[in-house]
$ cat coords_36.json   # JSON, C-alpha atoms
[["chain", "number", "residue", "atom", "x", "y", "z"],
["H", 1, "MET", "CA", -16.22, -8.67, -24.52],
["H", 2, "MET", "CA", -13.54, -6.28, -25.66],
["H", 3, "ASP", "CA", -9.87, -7.19, -25.30],
["H", 4, "TYR", "CA", -8.85, -5.81, -21.92],
["H", 5, "ARG", "CA", -5.11, -5.45, -21.53],
["H", 6, "HIS", "CA", -3.25, -6.23, -18.32],
["H", 7, "ILE", "CA", -0.45, -3.78, -17.52],
["H", 8, "LEU", "CA", 1.78, -6.21, -15.61],
["H", 9, "PRO", "CA", 2.59, -9.82, -16.53],
["H", 10, "SER", "CA", 1.40, -12.69, -14.37],
["H", 11, "THR", "CA", 3.90, -14.53, -12.18],
["H", 12, "THR", "CA", 4.45, -18.21, -11.37],
["H", 13, "SER", "CA", 4.48, -17.55, -7.62],
["H", 14, "LYS", "CA", 2.64, -15.27, -5.25],
["H", 15, "PRO", "CA", 4.42, -11.89, -4.91],
["H", 16, "ALA", "CA", 6.22, -11.68, -1.60],
["H", 17, "GLY", "CA", 4.74, -9.56, 1.16],
["H", 18, "PRO", "CA", 6.71, -6.97, 3.11],
["H", 19, "ASN", "CA", 10.11, -8.10, 4.42],
["H", 20, "PHE", "CA", 10.03, -6.90, 8.02],
["H", 21, "ASN", "CA", 13.73, -7.74, 8.44],
["H", 22, "SER", "CA", 14.88, -5.51, 5.58],
["H", 23, "LEU", "CA", 17.23, -2.67, 6.53],
["H", 24, "SER", "CA", 15.39, -0.14, 4.34],
["H", 25, "LEU", "CA", 12.06, -0.89, 6.05],
["H", 26, "LYS", "CA", 13.61, -0.50, 9.50],
["H", 27, "LEU", "CA", 15.35, 2.77, 8.54],
["H", 28, "ASN", "CA", 12.12, 4.17, 7.10],
["H", 29, "ALA", "CA", 10.30, 3.23, 10.31],
["H", 30, "ILE", "CA", 12.92, 4.97, 12.44],
["H", 31, "HIS", "CA", 12.87, 8.06, 10.21],
["H", 32, "GLY", "CA", 9.08, 8.23, 10.35],
["H", 33, "ASN", "CA", 9.18, 7.99, 14.14],
["H", 34, "LEU", "CA", 11.53, 10.95, 14.63],
["H", 35, "SER", "CA", 10.32, 14.54, 14.57],
["H", 36, "LEU", "CA", 12.18, 17.21, 12.58],
["H", 37, "GLN", "CA", 13.37, 18.77, 15.86],
["H", 38, "THR", "CA", 14.81, 15.44, 17.02],
["H", 39, "ILE", "CA", 16.62, 14.87, 13.73],
["H", 40, "LEU", "CA", 18.13, 18.38, 13.87],
["H", 41, "LEU", "CA", 19.21, 17.88, 17.49],
["H", 42, "ILE", "CA", 20.88, 14.56, 16.66],
["H", 43, "GLY", "CA", 22.74, 16.23, 13.80],
["H", 44, "ALA", "CA", 23.81, 19.12, 16.05],
["H", 45, "CYS", "CA", 25.12, 16.70, 18.70],
["H", 46, "LEU", "CA", 27.13, 14.75, 16.13],
["H", 47, "GLN", "CA", 28.56, 17.98, 14.75],
["H", 48, "THR", "CA", 29.54, 19.08, 18.27],
["H", 49, "LEU", "CA", 31.30, 15.77, 18.92],
["H", 50, "LEU", "CA", 33.32, 16.21, 15.73],
["H", 51, "PHE", "CA", 34.38, 19.69, 16.84],
["H", 52, "LEU", "CA", 35.57, 18.29, 20.18],
["H", 53, "LEU", "CA", 37.81, 15.72, 18.51],
["H", 54, "PRO", "CA", 41.50, 16.64, 18.09],
["H", 55, "ILE", "CA", 41.24, 16.83, 14.31],
["H", 56, "PRO", "CA", 41.48, 19.73, 11.83],
["H", 57, "LYS", "CA", 38.28, 21.81, 11.77],
["H", 58, "LEU", "CA", 37.91, 21.14, 8.05],
["H", 59, "TYR", "CA", 37.34, 17.46, 8.88],
["H", 60, "SER", "CA", 34.68, 18.53, 11.39],
["H", 61, "VAL", "CA", 32.55, 20.50, 8.94],
["H", 62, "GLY", "CA", 33.53, 18.61, 5.80],
["H", 63, "PRO", "CA", 31.06, 15.69, 6.11],
["H", 64, "ALA", "CA", 28.02, 17.94, 6.61],
["H", 65, "ILE", "CA", 28.99, 20.30, 3.78],
["H", 66, "GLY", "CA", 29.86, 17.38, 1.50],
["H", 67, "LEU", "CA", 26.54, 15.62, 2.09],
["H", 68, "LEU", "CA", 24.58, 18.81, 1.54],
["H", 69, "LEU", "CA", 26.41, 19.51, -1.74],
["H", 70, "PHE", "CA", 25.79, 15.92, -2.84],
["H", 71, "ARG", "CA", 22.05, 16.28, -2.17],
["H", 72, "ILE", "CA", 21.89, 19.60, -4.05],
["H", 73, "ILE", "CA", 23.77, 18.25, -7.08],
["H", 74, "ASP", "CA", 21.73, 15.03, -7.07],
["H", 75, "THR", "CA", 18.47, 17.02, -6.99],
["H", 76, "ILE", "CA", 19.60, 19.22, -9.91],
["H", 77, "LEU", "CA", 20.64, 16.21, -12.00],
["H", 78, "ILE", "CA", 17.30, 14.48, -11.37],
["H", 79, "THR", "CA", 15.28, 17.65, -12.04],
["H", 80, "TYR", "CA", 16.92, 18.18, -15.44],
["H", 81, "ASN", "CA", 16.81, 14.47, -16.37],
["H", 82, "PHE", "CA", 20.56, 13.89, -16.38],
["H", 83, "ILE", "CA", 20.13, 10.85, -14.13],
["H", 84, "PRO", "CA", 17.12, 8.58, -13.49],
["H", 85, "ASN", "CA", 14.58, 9.69, -10.91],
["H", 86, "PRO", "CA", 14.69, 7.06, -8.12],
["H", 87, "TYR", "CA", 11.24, 8.10, -6.91],
["H", 88, "LEU", "CA", 9.79, 6.77, -10.16],
["H", 89, "LYS", "CA", 11.16, 3.25, -9.71],
["H", 90, "ASP", "CA", 8.42, 0.72, -10.62],
["H", 91, "ALA", "CA", 5.98, 3.54, -11.48],
["H", 92, "ILE", "CA", 3.47, 2.87, -14.28],
["H", 93, "PHE", "CA", 3.23, 5.92, -16.50],
["H", 94, "LYS", "CA", 0.16, 5.13, -18.55],
["H", 95, "LYS", "CA", -3.34, 5.61, -17.19],
["H", 96, "HIS", "CA", -4.49, 2.38, -15.57],
["H", 97, "THR", "CA", -7.17, 1.01, -13.29],
["H", 98, "ALA", "CA", -7.53, -1.84, -10.80],
["H", 99, "GLN", "CA", -10.25, -4.39, -11.49],
["H", 100, "PRO", "CA", -10.67, -7.25, -8.99],
["H", 101, "HIS", "CA", -10.83, -10.70, -10.57],
["H", 102, "ASP", "CA", -13.26, -13.49, -9.71],
["H", 103, "ARG", "CA", -12.54, -16.45, -7.43],
["H", 104, "GLU", "CA", -11.00, -18.35, -10.34],
["H", 105, "GLY", "CA", -8.58, -15.49, -10.98],
["H", 106, "ASN", "CA", -10.29, -14.33, -14.16],
["H", 107, "PHE", "CA", -11.39, -10.84, -15.18],
["H", 108, "THR", "CA", -14.99, -11.06, -16.36],
["H", 109, "GLY", "CA", -15.71, -7.37, -16.96],
["H", 110, "PRO", "CA", -15.59, -3.93, -15.33],
["H", 111, "GLY", "CA", -17.21, -3.62, -11.91],
["H", 112, "LYS", "CA", -18.34, -7.25, -11.76],
["H", 113, "GLU", "CA", -16.91, -8.06, -8.33],
["H", 114, "LYS", "CA", -17.79, -6.71, -4.91],
["H", 115, "ILE", "CA", -14.92, -5.77, -2.63],
["H", 116, "ALA", "CA", -14.44, -5.36, 1.13],
["H", 117, "ILE", "CA", -11.94, -2.91, 2.61],
["H", 118, "MET", "CA", -10.54, -2.94, 6.13],
["H", 119, "LEU", "CA", -8.56, -0.10, 7.71],
["H", 120, "LEU", "CA", -6.60, -1.38, 10.70],
["H", 121, "GLY", "CA", -4.67, 1.25, 12.64],
["H", 122, "ALA", "CA", -2.31, 1.44, 15.61],
["H", 123, "LYS", "CA", -1.08, 4.67, 17.19],
["H", 124, "SER", "CA", 1.56, 5.41, 19.82],
["H", 125, "ASN", "CA", 0.60, 8.41, 21.94],
["H", 126, "HIS", "CA", 3.93, 8.33, 23.75],
["H", 127, "PRO", "CA", 7.19, 10.36, 23.54],
["H", 128, "LEU", "CA", 9.06, 7.16, 22.57],
["H", 129, "GLY", "CA", 6.69, 6.55, 19.68],
["H", 130, "MET", "CA", 7.21, 3.12, 18.12],
["H", 131, "PHE", "CA", 10.06, 2.43, 20.55],
["H", 132, "GLU", "CA", 7.68, 2.31, 23.53],
["H", 133, "PRO", "CA", 7.87, -1.36, 24.68],
["H", 134, "GLU", "CA", 4.14, -2.11, 24.76],
["H", 135, "PHE", "CA", 3.64, -0.56, 21.33],
["H", 136, "GLY", "CA", 6.36, -2.89, 20.09],
["H", 137, "LYS", "CA", 4.10, -5.80, 21.09],
["H", 138, "VAL", "CA", 1.29, -4.32, 18.99],
["H", 139, "GLY", "CA", 3.69, -4.14, 16.05],
["H", 140, "LYS", "CA", 4.63, -7.79, 16.60],
["H", 141, "PHE", "CA", 0.99, -8.87, 16.42],
["H", 142, "LEU", "CA", 0.47, -6.83, 13.23],
["H", 143, "ARG", "CA", 3.51, -8.47, 11.62],
["H", 144, "GLN", "CA", 2.26, -11.94, 12.56],
["H", 145, "MET", "CA", -1.15, -11.26, 11.02],
["H", 146, "THR", "CA", 0.40, -9.83, 7.87],
["H", 147, "LYS", "CA", 2.71, -12.84, 7.45],
["H", 148, "GLU", "CA", -0.19, -15.25, 7.89],
["H", 149, "LEU", "CA", -2.37, -13.49, 5.33],
["H", 150, "ASN", "CA", 0.40, -13.07, 2.78],
["H", 151, "GLY", "CA", 1.39, -16.70, 3.29],
["H", 152, "ASP", "CA", -2.01, -18.07, 2.27],
["H", 153, "PRO", "CA", -1.19, -20.07, -0.90],
["H", 154, "THR", "CA", -4.80, -20.53, -2.05],
["H", 155, "GLN", "CA", -6.56, -17.23, -1.17],
["H", 156, "GLU", "CA", -9.31, -19.26, 0.51],
["H", 157, "SER", "CA", -9.11, -16.69, 3.33],
["H", 158, "GLY", "CA", -10.55, -14.07, 0.98],
["H", 159, "PHE", "CA", -7.57, -11.77, 1.62],
["H", 160, "LEU", "CA", -6.36, -10.12, -1.60],
["H", 161, "GLY", "CA", -3.58, -7.77, -0.47],
["H", 162, "GLN", "CA", -2.78, -4.68, 1.55],
["H", 163, "SER", "CA", -0.86, -1.42, 1.65],
["H", 164, "ALA", "CA", 0.39, 0.59, 4.63],
["H", 165, "VAL", "CA", 0.33, 4.30, 5.39],
["H", 166, "THR", "CA", 2.36, 5.90, 8.20],
["H", 167, "ARG", "CA", 1.79, 9.45, 9.37],
["H", 168, "LYS", "CA", 2.05, 11.80, 12.33],
["H", 169, "ASP", "CA", -1.04, 13.43, 13.77],
["H", 170, "LYS", "CA", -1.26, 17.10, 14.82],
["H", 171, "ASN", "CA", 0.18, 16.20, 18.24],
["H", 172, "GLY", "CA", 3.19, 14.47, 16.73],
["H", 173, "ALA", "CA", 2.06, 10.92, 17.54],
["H", 174, "THR", "CA", 3.05, 8.17, 15.12],
["H", 175, "GLU", "CA", 0.17, 6.31, 13.48],
["H", 176, "GLN", "CA", 0.21, 3.39, 11.05],
["H", 177, "VAL", "CA", -2.82, 2.23, 9.08],
["H", 178, "LEU", "CA", -2.95, -1.04, 7.14],
["H", 179, "ILE", "CA", -5.43, -0.89, 4.26],
["H", 180, "SER", "CA", -6.42, -4.41, 3.19],
["H", 181, "TYR", "CA", -8.76, -5.76, 0.53],
["H", 182, "TRP", "CA", -10.98, -8.83, 0.87],
["H", 183, "ARG", "CA", -13.66, -10.72, -1.01],
["H", 184, "SER", "CA", -16.29, -9.89, 1.63],
["H", 185, "ILE", "CA", -16.88, -8.65, 5.17],
["H", 186, "ASP", "CA", -17.60, -12.26, 6.13],
["H", 187, "ASP", "CA", -14.00, -13.12, 5.21],
["H", 188, "VAL", "CA", -12.75, -10.28, 7.43],
["H", 189, "HIS", "CA", -14.84, -11.49, 10.37],
["H", 190, "ARG", "CA", -13.72, -15.10, 9.88],
["H", 191, "PHE", "CA", -10.08, -14.00, 10.12],
["H", 192, "ALA", "CA", -10.87, -11.84, 13.18],
["H", 193, "TYR", "CA", -11.99, -14.96, 15.06],
["H", 194, "GLY", "CA", -9.00, -17.01, 13.89],
["H", 195, "PRO", "CA", -6.14, -17.91, 16.27],
["H", 196, "THR", "CA", -3.66, -15.20, 15.23],
["H", 197, "HIS", "CA", -6.01, -12.24, 15.62],
["H", 198, "LEU", "CA", -7.67, -13.75, 18.69],
["H", 199, "ALA", "CA", -4.27, -13.89, 20.45],
["H", 200, "ALA", "CA", -3.81, -10.18, 19.85],
["H", 201, "TRP", "CA", -7.38, -9.49, 20.89],
["H", 202, "ARG", "CA", -7.00, -11.36, 24.21],
["H", 203, "TRP", "CA", -3.66, -9.66, 24.95],
["H", 204, "TRP", "CA", -5.31, -6.27, 24.44],
["H", 205, "ASN", "CA", -8.28, -7.12, 26.66],
["H", 206, "ASP", "CA", -5.99, -8.44, 29.42],
["H", 207, "ASN", "CA", -3.74, -5.35, 29.40],
["H", 208, "MET", "CA", -6.13, -2.57, 28.40],
["H", 209, "LYS", "CA", -5.83, -0.67, 31.71],
["H", 210, "LYS", "CA", -2.13, 0.01, 31.21],
["H", 211, "LEU", "CA", -2.36, 0.73, 27.49],
["H", 212, "ASN", "CA", -4.13, 4.12, 27.49],
["H", 213, "HIS", "CA", -1.17, 5.58, 25.53],
["H", 214, "ILE", "CA", -1.80, 3.16, 22.64],
["H", 215, "GLY", "CA", -4.59, 3.71, 20.17],
["H", 216, "ILE", "CA", -6.08, 1.00, 17.98],
["H", 217, "MET", "CA", -8.85, 1.29, 15.41],
["H", 218, "HIS", "CA", -10.51, -0.45, 12.54],
["H", 219, "GLU", "CA", -13.09, 0.39, 9.92],
["H", 220, "VAL", "CA", -14.62, -2.15, 7.55],
["H", 221, "TYR", "CA", -16.61, -1.46, 4.39],
["H", 222, "GLU", "CA", -18.09, -3.61, 1.67],
["H", 223, "ALA", "CA", -18.78, -2.13, -1.76],
["H", 224, "ASP", "CA", -21.20, -3.97, -4.02],
["H", 225, "ALA", "CA", -20.29, -4.77, -7.60],
["H", 226, "GLY", "CA", -20.31, -1.61, -9.68],
["H", 227, "MET", "CA", -20.16, 0.66, -6.63],
["H", 228, "TRP", "CA", -16.40, 1.33, -6.65],
["H", 229, "GLU", "CA", -13.76, 2.40, -9.15],
["H", 230, "GLY", "CA", -10.27, 3.89, -9.27],
["H", 231, "VAL", "CA", -7.61, 5.16, -11.63],
["H", 232, "TYR", "CA", -3.84, 5.66, -11.36],
["H", 233, "VAL", "CA", -1.31, 7.64, -13.38],
["H", 234, "ASN", "CA", 2.46, 7.73, -12.65],
["H", 235, "PHE", "CA", 1.95, 5.53, -9.59],
["H", 236, "GLN", "CA", 3.59, 2.37, -8.33],
["H", 237, "PRO", "CA", 1.09, -0.45, -7.66],
["H", 238, "THR", "CA", -0.71, 0.47, -4.45],
["H", 239, "LEU", "CA", -3.96, -0.08, -2.53],
["H", 240, "LEU", "CA", -6.44, -2.04, -4.68],
["H", 241, "GLY", "CA", -3.82, -2.04, -7.45],
["H", 242, "ASN", "CA", -1.46, -3.92, -5.12],
["H", 243, "THR", "CA", -3.73, -6.95, -4.75],
["H", 244, "THR", "CA", -3.12, -10.29, -6.48],
["H", 245, "TYR", "CA", -5.34, -13.13, -7.68],
["H", 246, "MET", "CA", -4.54, -16.81, -8.03],
["H", 247, "LYS", "CA", -5.63, -18.13, -11.41],
["H", 248, "LYS", "CA", -7.19, -21.50, -10.63],
["H", 249, "ASP", "CA", -7.95, -22.63, -14.17],
["H", 250, "GLY", "CA", -4.46, -22.07, -15.55],
["H", 251, "GLN", "CA", -2.47, -24.11, -18.07],
["H", 252, "LEU", "CA", -1.92, -27.82, -17.53],
["H", 253, "VAL", "CA", 1.82, -28.52, -17.38],
["H", 254, "GLY", "CA", 3.19, -32.04, -16.71],
["H", 255, "GLY", "CA", -0.15, -33.29, -15.43],
["H", 256, "GLU", "CA", -0.52, -30.38, -12.99],
["H", 257, "VAL", "CA", -2.12, -26.97, -13.27],
["H", 258, "LYS", "CA", 0.64, -24.39, -13.52],
["H", 259, "GLU", "CA", 0.47, -21.88, -10.66],
["H", 260, "GLU", "CA", -0.23, -18.38, -11.91],
["H", 261, "TRP", "CA", -0.76, -15.11, -10.01],
["H", 262, "VAL", "CA", -2.43, -12.18, -11.76],
["H", 263, "ARG", "CA", -2.29, -8.47, -10.97],
["H", 264, "PRO", "CA", -5.56, -6.51, -11.44],
["H", 265, "LEU", "CA", -4.08, -3.49, -13.25],
["H", 266, "LEU", "CA", -5.59, -2.89, -16.69],
["H", 267, "ASP", "CA", -4.93, -0.29, -19.39],
["H", 268, "ALA", "CA", -7.39, 2.59, -18.87],
["H", 269, "ASN", "CA", -6.50, 4.46, -22.06],
["H", 270, "ARG", "CA", -8.82, 2.35, -24.15],
["H", 271, "GLY", "CA", -12.41, 1.16, -24.25],
["H", 272, "SER", "CA", -14.86, 1.48, -21.41],
["H", 273, "LEU", "CA", -12.11, 1.69, -18.78],
["H", 274, "ARG", "CA", -11.35, 5.24, -19.90],
["H", 275, "THR", "CA", -14.19, 6.70, -17.82],
["H", 276, "SER", "CA", -15.45, 6.46, -14.25],
["H", 277, "ARG", "CA", -18.82, 4.97, -15.18],
["H", 278, "GLY", "CA", -17.16, 2.61, -17.64],
["H", 279, "ARG", "CA", -14.88, 1.27, -14.91],
["H", 280, "ARG", "CA", -18.04, 0.55, -12.88],
["H", 281, "GLY", "CA", -19.51, -1.46, -15.74],
["H", 282, "LEU", "CA", -21.97, 1.28, -16.71],
["H", 283, "VAL", "CA", -22.53, 3.20, -19.95],
["H", 284, "ASP", "CA", -21.52, 6.87, -19.92],
["H", 285, "LYS", "CA", -23.94, 9.75, -20.29],
["H", 286, "LYS", "CA", -23.32, 11.63, -23.52],
["H", 287, "GLU", "CA", -23.37, 15.10, -21.92],
["H", 288, "ASP", "CA", -20.80, 14.07, -19.27],
["H", 289, "VAL", "CA", -18.37, 12.70, -21.84],
["H", 290, "GLN", "CA", -18.67, 15.82, -24.00],
["H", 291, "LYS", "CA", -17.82, 18.05, -21.02],
["H", 292, "VAL", "CA", -14.54, 16.23, -20.44],
["H", 293, "TYR", "CA", -13.42, 14.96, -23.84],
["H", 294, "GLY", "CA", -14.91, 17.49, -26.26],
["H", 295, "LYS", "CA", -14.26, 16.49, -29.88],
["H", 296, "GLU", "CA", -13.12, 13.01, -28.84],
["H", 297, "ALA", "CA", -16.50, 12.30, -27.22],
["H", 298, "GLY", "CA", -17.70, 10.55, -30.35],
["H", 299, "THR", "CA", -15.28, 7.68, -29.74],
["H", 300, "TYR", "CA", -17.03, 6.77, -26.46],
["H", 301, "GLU", "CA", -20.08, 4.57, -26.04],
["H", 302, "THR", "CA", -22.80, 6.75, -24.47],
["H", 303, "VAL", "CA", -26.49, 6.90, -23.76]]
$ encode --input "coords_36.json" --output "structure tokens"
Amino acid sequence: MMDYRHILPSTTSKPAGPNFNSLSLKLNAIHGNLSLQTILLIGACLQTLLFLLPIPKLYSVGPAIGLLLFRIIDTILITYNFIPNPYLKDAIFKKHTAQPHDREGNFTGPGKEKIAIMLLGAKSNHPLGMFEPEFGKVGKFLRQMTKELNGDPTQESGFLGQSAVTRKDKNGATEQVLISYWRSIDDVHRFAYGPTHLAAWRWWNDNMKKLNHIGIMHEVYEADAGMWEGVYVNFQPTLLGNTTYMKKDGQLVGGEVKEEWVRPLLDANRGSLRTSRGRRGLVDKKEDVQKVYGKEAGTYETV
């Protein structure tokens, strides 16, 4: 087996899940819940209140003008590389791929593991969006499930990690989808019938008649070994790349096996991981490689 190179170092503890009490997460949730019209109206009301205060007019318009100038200058400085680009924090610039590891936390080769994906969504079809009281209860259940899954110290649940996507639909309703990765669909179903999810399930069934403004959904897929692949460039770890794997045959330290958590991101600028078929554990077709890589095609293993 060739020497596959991990992009990120392993850690001695499981990476923390989302901190639901963090100020930044709450501010992002509020921002995502407000429409552009609402944000503009809030700004206009604040500006009006400043004008009504018995202060010089310069103080009334100064904050808005100052903030706008700051944003313009900041954007120019970032664009021309005078200051670091905050949007690139934690981004990985080289081409890389995510390769799930086996149950022992080891990488045994491209495309060797099957993977299950669950999309779990909740949607507030209400003018109050996420602030609608009943939708808040849905959010509470989702946070409880996420904390339980992220708190599993052994990964016996089969849960490997998740990412979240928030968007507005064409009607302006707020929708959040949790995209999680598992060892198998059986693991997903076992969690579904566990106490935490069952509590949410029963609450929904008992209150369904008054919840027609709340949408919930899920989709579950299982991809066999070699029937999935992905690549990332200039991306922070996300989706399958944001999963982690407990290495269960790690180093023996002081009579105990040292805890080690591995990220699945591997260098995709070298070897078989450079191509789509290679990342699936297959050999590339010569004509396909020549179409993409031209003169460099000779450096690839093909059939």
$ closest_residue --input "coords_36.json" --among "H:Glu222, H:Glu287, H:Glu134, H:Asp267" --to "His6 of chain H" --atoms "only C-alpha atoms"
H:Asp267
$ closest_residue --input "coords_36.json" --among "H:Ile7, H:Gln47, H:Leu34, H:Arg143" --to "Asn21 of chain H" --atoms "only C-alpha atoms"
H:Arg143
$ closest_residue --input "coords_36.json" --among "H:Phe131, H:Gly161, H:Tyr80, H:Val289" --to "Lys26 of chain H" --atoms "all atoms listed in the file"
H:Phe131
$ residues_around --input "coords_36.json" --residues "Pro195 of chain H" --least-positions-apart "6" --cutoff "12 Å" --atoms "all atoms listed in the file" --output "PDB file with C-alpha atoms, in the coordinates of the input"
ATOM      1  CA  PHE H 141       0.990  -8.870  16.420  1.00  0.00           C
ATOM      2  CA  GLN H 144       2.260 -11.940  12.560  1.00  0.00           C
ATOM      3  CA  MET H 145      -1.150 -11.260  11.020  1.00  0.00           C
ATOM      4  CA  GLU H 148      -0.190 -15.250   7.890  1.00  0.00           C
ATOM      5  CA  TRP H 201      -7.380  -9.490  20.890  1.00  0.00           C
ATOM      6  CA  ARG H 202      -7.000 -11.360  24.210  1.00  0.00           C
TER       7      ARG H 202
END
$ closest_residue --input "coords_36.json" --among "H:Lys123, H:Lys57, H:His96, H:Lys112" --to "Gly281 of chain H" --atoms "only C-alpha atoms"
H:Lys112
$ closest_residue --input "coords_36.json" --among "H:Phe82, H:Arg270, H:Tyr4, H:Asp74" --to "Thr108 of chain H" --atoms "only C-alpha atoms"
H:Tyr4
$ residues_around --input "coords_36.json" --residues "segment 169-183 of chain H" --least-positions-apart "3" --cutoff "9 Å" --atoms "all atoms listed in the file" --output "MDAnalysis selection string"
chainID H and resid 32:35 103 113:127 129:130 157:166 186:188 215 217:218 222 239:240 243
$ atom_distance --input "coords_36.json" --atom1 "atom CA of Ile216 of chain H" --atom2 "atom CA of Ala16 of chain H"
26.4 Å
$ closest_residue --input "coords_36.json" --among "H:Phe107, H:Phe235, H:Phe51, H:Tyr221" --to "Ile185 of chain H" --atoms "only C-alpha atoms"
H:Tyr221
$ atom_distance --input "coords_36.json" --atom1 "atom CA of Leu67 of chain H" --atom2 "atom CA of Leu50 of chain H"
15.2 Å
$ atom_distance --input "coords_36.json" --atom1 "atom CA of Asn85 of chain H" --atom2 "atom CA of Pro237 of chain H"
17.2 Å
$ residues_around --input "coords_36.json" --residues "Met246 of chain H" --least-positions-apart "5" --cutoff "10 Å" --atoms "only C-alpha atoms" --output "list in words"
Ser10, Thr11, Thr12, Ser13, Lys14, His101, Asp102, Arg103, Glu104, Gly105, Asn106, Pro153, Thr154, Gln155, Leu160, Glu259, Glu260, Trp261, Val262 and Arg263 of chain H
$ build_atoms --input "coords_36.json" --residues "segment 106-121 of chain H" --atoms "N, CA, C and O atoms" --output "PDB file, keeping the file's coordinate frame"
ATOM      1  N   ASN H 106     -10.014 -14.851 -12.831  1.00  0.00           N
ATOM      2  CA  ASN H 106     -10.290 -14.330 -14.160  1.00  0.00           C
ATOM      3  C   ASN H 106     -10.977 -12.969 -14.082  1.00  0.00           C
ATOM      4  O   ASN H 106     -11.761 -12.712 -13.161  1.00  0.00           O
ATOM      5  N   PHE H 107     -10.697 -12.118 -15.065  1.00  0.00           N
ATOM      6  CA  PHE H 107     -11.390 -10.840 -15.180  1.00  0.00           C
ATOM      7  C   PHE H 107     -12.567 -11.019 -16.113  1.00  0.00           C
ATOM      8  O   PHE H 107     -12.410 -11.356 -17.284  1.00  0.00           O
ATOM      9  N   THR H 108     -13.788 -10.799 -15.581  1.00  0.00           N
ATOM     10  CA  THR H 108     -14.990 -11.060 -16.360  1.00  0.00           C
ATOM     11  C   THR H 108     -15.697  -9.795 -16.830  1.00  0.00           C
ATOM     12  O   THR H 108     -16.745  -9.881 -17.457  1.00  0.00           O
ATOM     13  N   GLY H 109     -15.113  -8.620 -16.517  1.00  0.00           N
ATOM     14  CA  GLY H 109     -15.710  -7.370 -16.960  1.00  0.00           C
ATOM     15  C   GLY H 109     -15.640  -6.304 -15.888  1.00  0.00           C
ATOM     16  O   GLY H 109     -15.507  -6.611 -14.697  1.00  0.00           O
ATOM     17  N   PRO H 110     -15.710  -5.032 -16.285  1.00  0.00           N
ATOM     18  CA  PRO H 110     -15.590  -3.930 -15.330  1.00  0.00           C
ATOM     19  C   PRO H 110     -16.674  -3.962 -14.252  1.00  0.00           C
ATOM     20  O   PRO H 110     -17.853  -4.162 -14.543  1.00  0.00           O
ATOM     21  N   GLY H 111     -16.258  -3.769 -13.007  1.00  0.00           N
ATOM     22  CA  GLY H 111     -17.210  -3.620 -11.910  1.00  0.00           C
ATOM     23  C   GLY H 111     -18.003  -4.850 -11.565  1.00  0.00           C
ATOM     24  O   GLY H 111     -19.035  -4.753 -10.897  1.00  0.00           O
ATOM     25  N   LYS H 112     -17.558  -6.034 -11.966  1.00  0.00           N
ATOM     26  CA  LYS H 112     -18.340  -7.250 -11.760  1.00  0.00           C
ATOM     27  C   LYS H 112     -18.231  -7.804 -10.337  1.00  0.00           C
ATOM     28  O   LYS H 112     -19.104  -8.547  -9.902  1.00  0.00           O
ATOM     29  N   GLU H 113     -17.154  -7.466  -9.636  1.00  0.00           N
ATOM     30  CA  GLU H 113     -16.910  -8.060  -8.330  1.00  0.00           C
ATOM     31  C   GLU H 113     -17.175  -7.063  -7.203  1.00  0.00           C
ATOM     32  O   GLU H 113     -16.884  -5.877  -7.341  1.00  0.00           O
ATOM     33  N   LYS H 114     -17.714  -7.553  -6.099  1.00  0.00           N
ATOM     34  CA  LYS H 114     -17.790  -6.710  -4.910  1.00  0.00           C
ATOM     35  C   LYS H 114     -16.436  -6.761  -4.208  1.00  0.00           C
ATOM     36  O   LYS H 114     -15.615  -7.649  -4.467  1.00  0.00           O
ATOM     37  N   ILE H 115     -16.198  -5.828  -3.318  1.00  0.00           N
ATOM     38  CA  ILE H 115     -14.920  -5.770  -2.630  1.00  0.00           C
ATOM     39  C   ILE H 115     -15.138  -5.269  -1.205  1.00  0.00           C
ATOM     40  O   ILE H 115     -15.998  -4.417  -0.965  1.00  0.00           O
ATOM     41  N   ALA H 116     -14.396  -5.826  -0.263  1.00  0.00           N
ATOM     42  CA  ALA H 116     -14.440  -5.360   1.130  1.00  0.00           C
ATOM     43  C   ALA H 116     -13.098  -4.729   1.470  1.00  0.00           C
ATOM     44  O   ALA H 116     -12.043  -5.192   1.025  1.00  0.00           O
ATOM     45  N   ILE H 117     -13.144  -3.642   2.236  1.00  0.00           N
ATOM     46  CA  ILE H 117     -11.940  -2.910   2.610  1.00  0.00           C
ATOM     47  C   ILE H 117     -11.887  -2.796   4.127  1.00  0.00           C
ATOM     48  O   ILE H 117     -12.882  -2.443   4.759  1.00  0.00           O
ATOM     49  N   MET H 118     -10.724  -3.114   4.692  1.00  0.00           N
ATOM     50  CA  MET H 118     -10.540  -2.940   6.130  1.00  0.00           C
ATOM     51  C   MET H 118      -9.375  -1.991   6.388  1.00  0.00           C
ATOM     52  O   MET H 118      -8.296  -2.148   5.818  1.00  0.00           O
ATOM     53  N   LEU H 119      -9.611  -0.988   7.228  1.00  0.00           N
ATOM     54  CA  LEU H 119      -8.560  -0.100   7.710  1.00  0.00           C
ATOM     55  C   LEU H 119      -8.247  -0.502   9.141  1.00  0.00           C
ATOM     56  O   LEU H 119      -9.127  -0.461  10.013  1.00  0.00           O
ATOM     57  N   LEU H 120      -7.020  -0.944   9.380  1.00  0.00           N
ATOM     58  CA  LEU H 120      -6.600  -1.380  10.700  1.00  0.00           C
ATOM     59  C   LEU H 120      -5.446  -0.504  11.153  1.00  0.00           C
ATOM     60  O   LEU H 120      -4.387  -0.482  10.519  1.00  0.00           O
ATOM     61  N   GLY H 121      -5.661   0.258  12.228  1.00  0.00           N
ATOM     62  CA  GLY H 121      -4.670   1.250  12.640  1.00  0.00           C
ATOM     63  C   GLY H 121      -4.164   1.046  14.051  1.00  0.00           C
ATOM     64  O   GLY H 121      -4.881   0.544  14.924  1.00  0.00           O
TER      65      GLY H 121
END
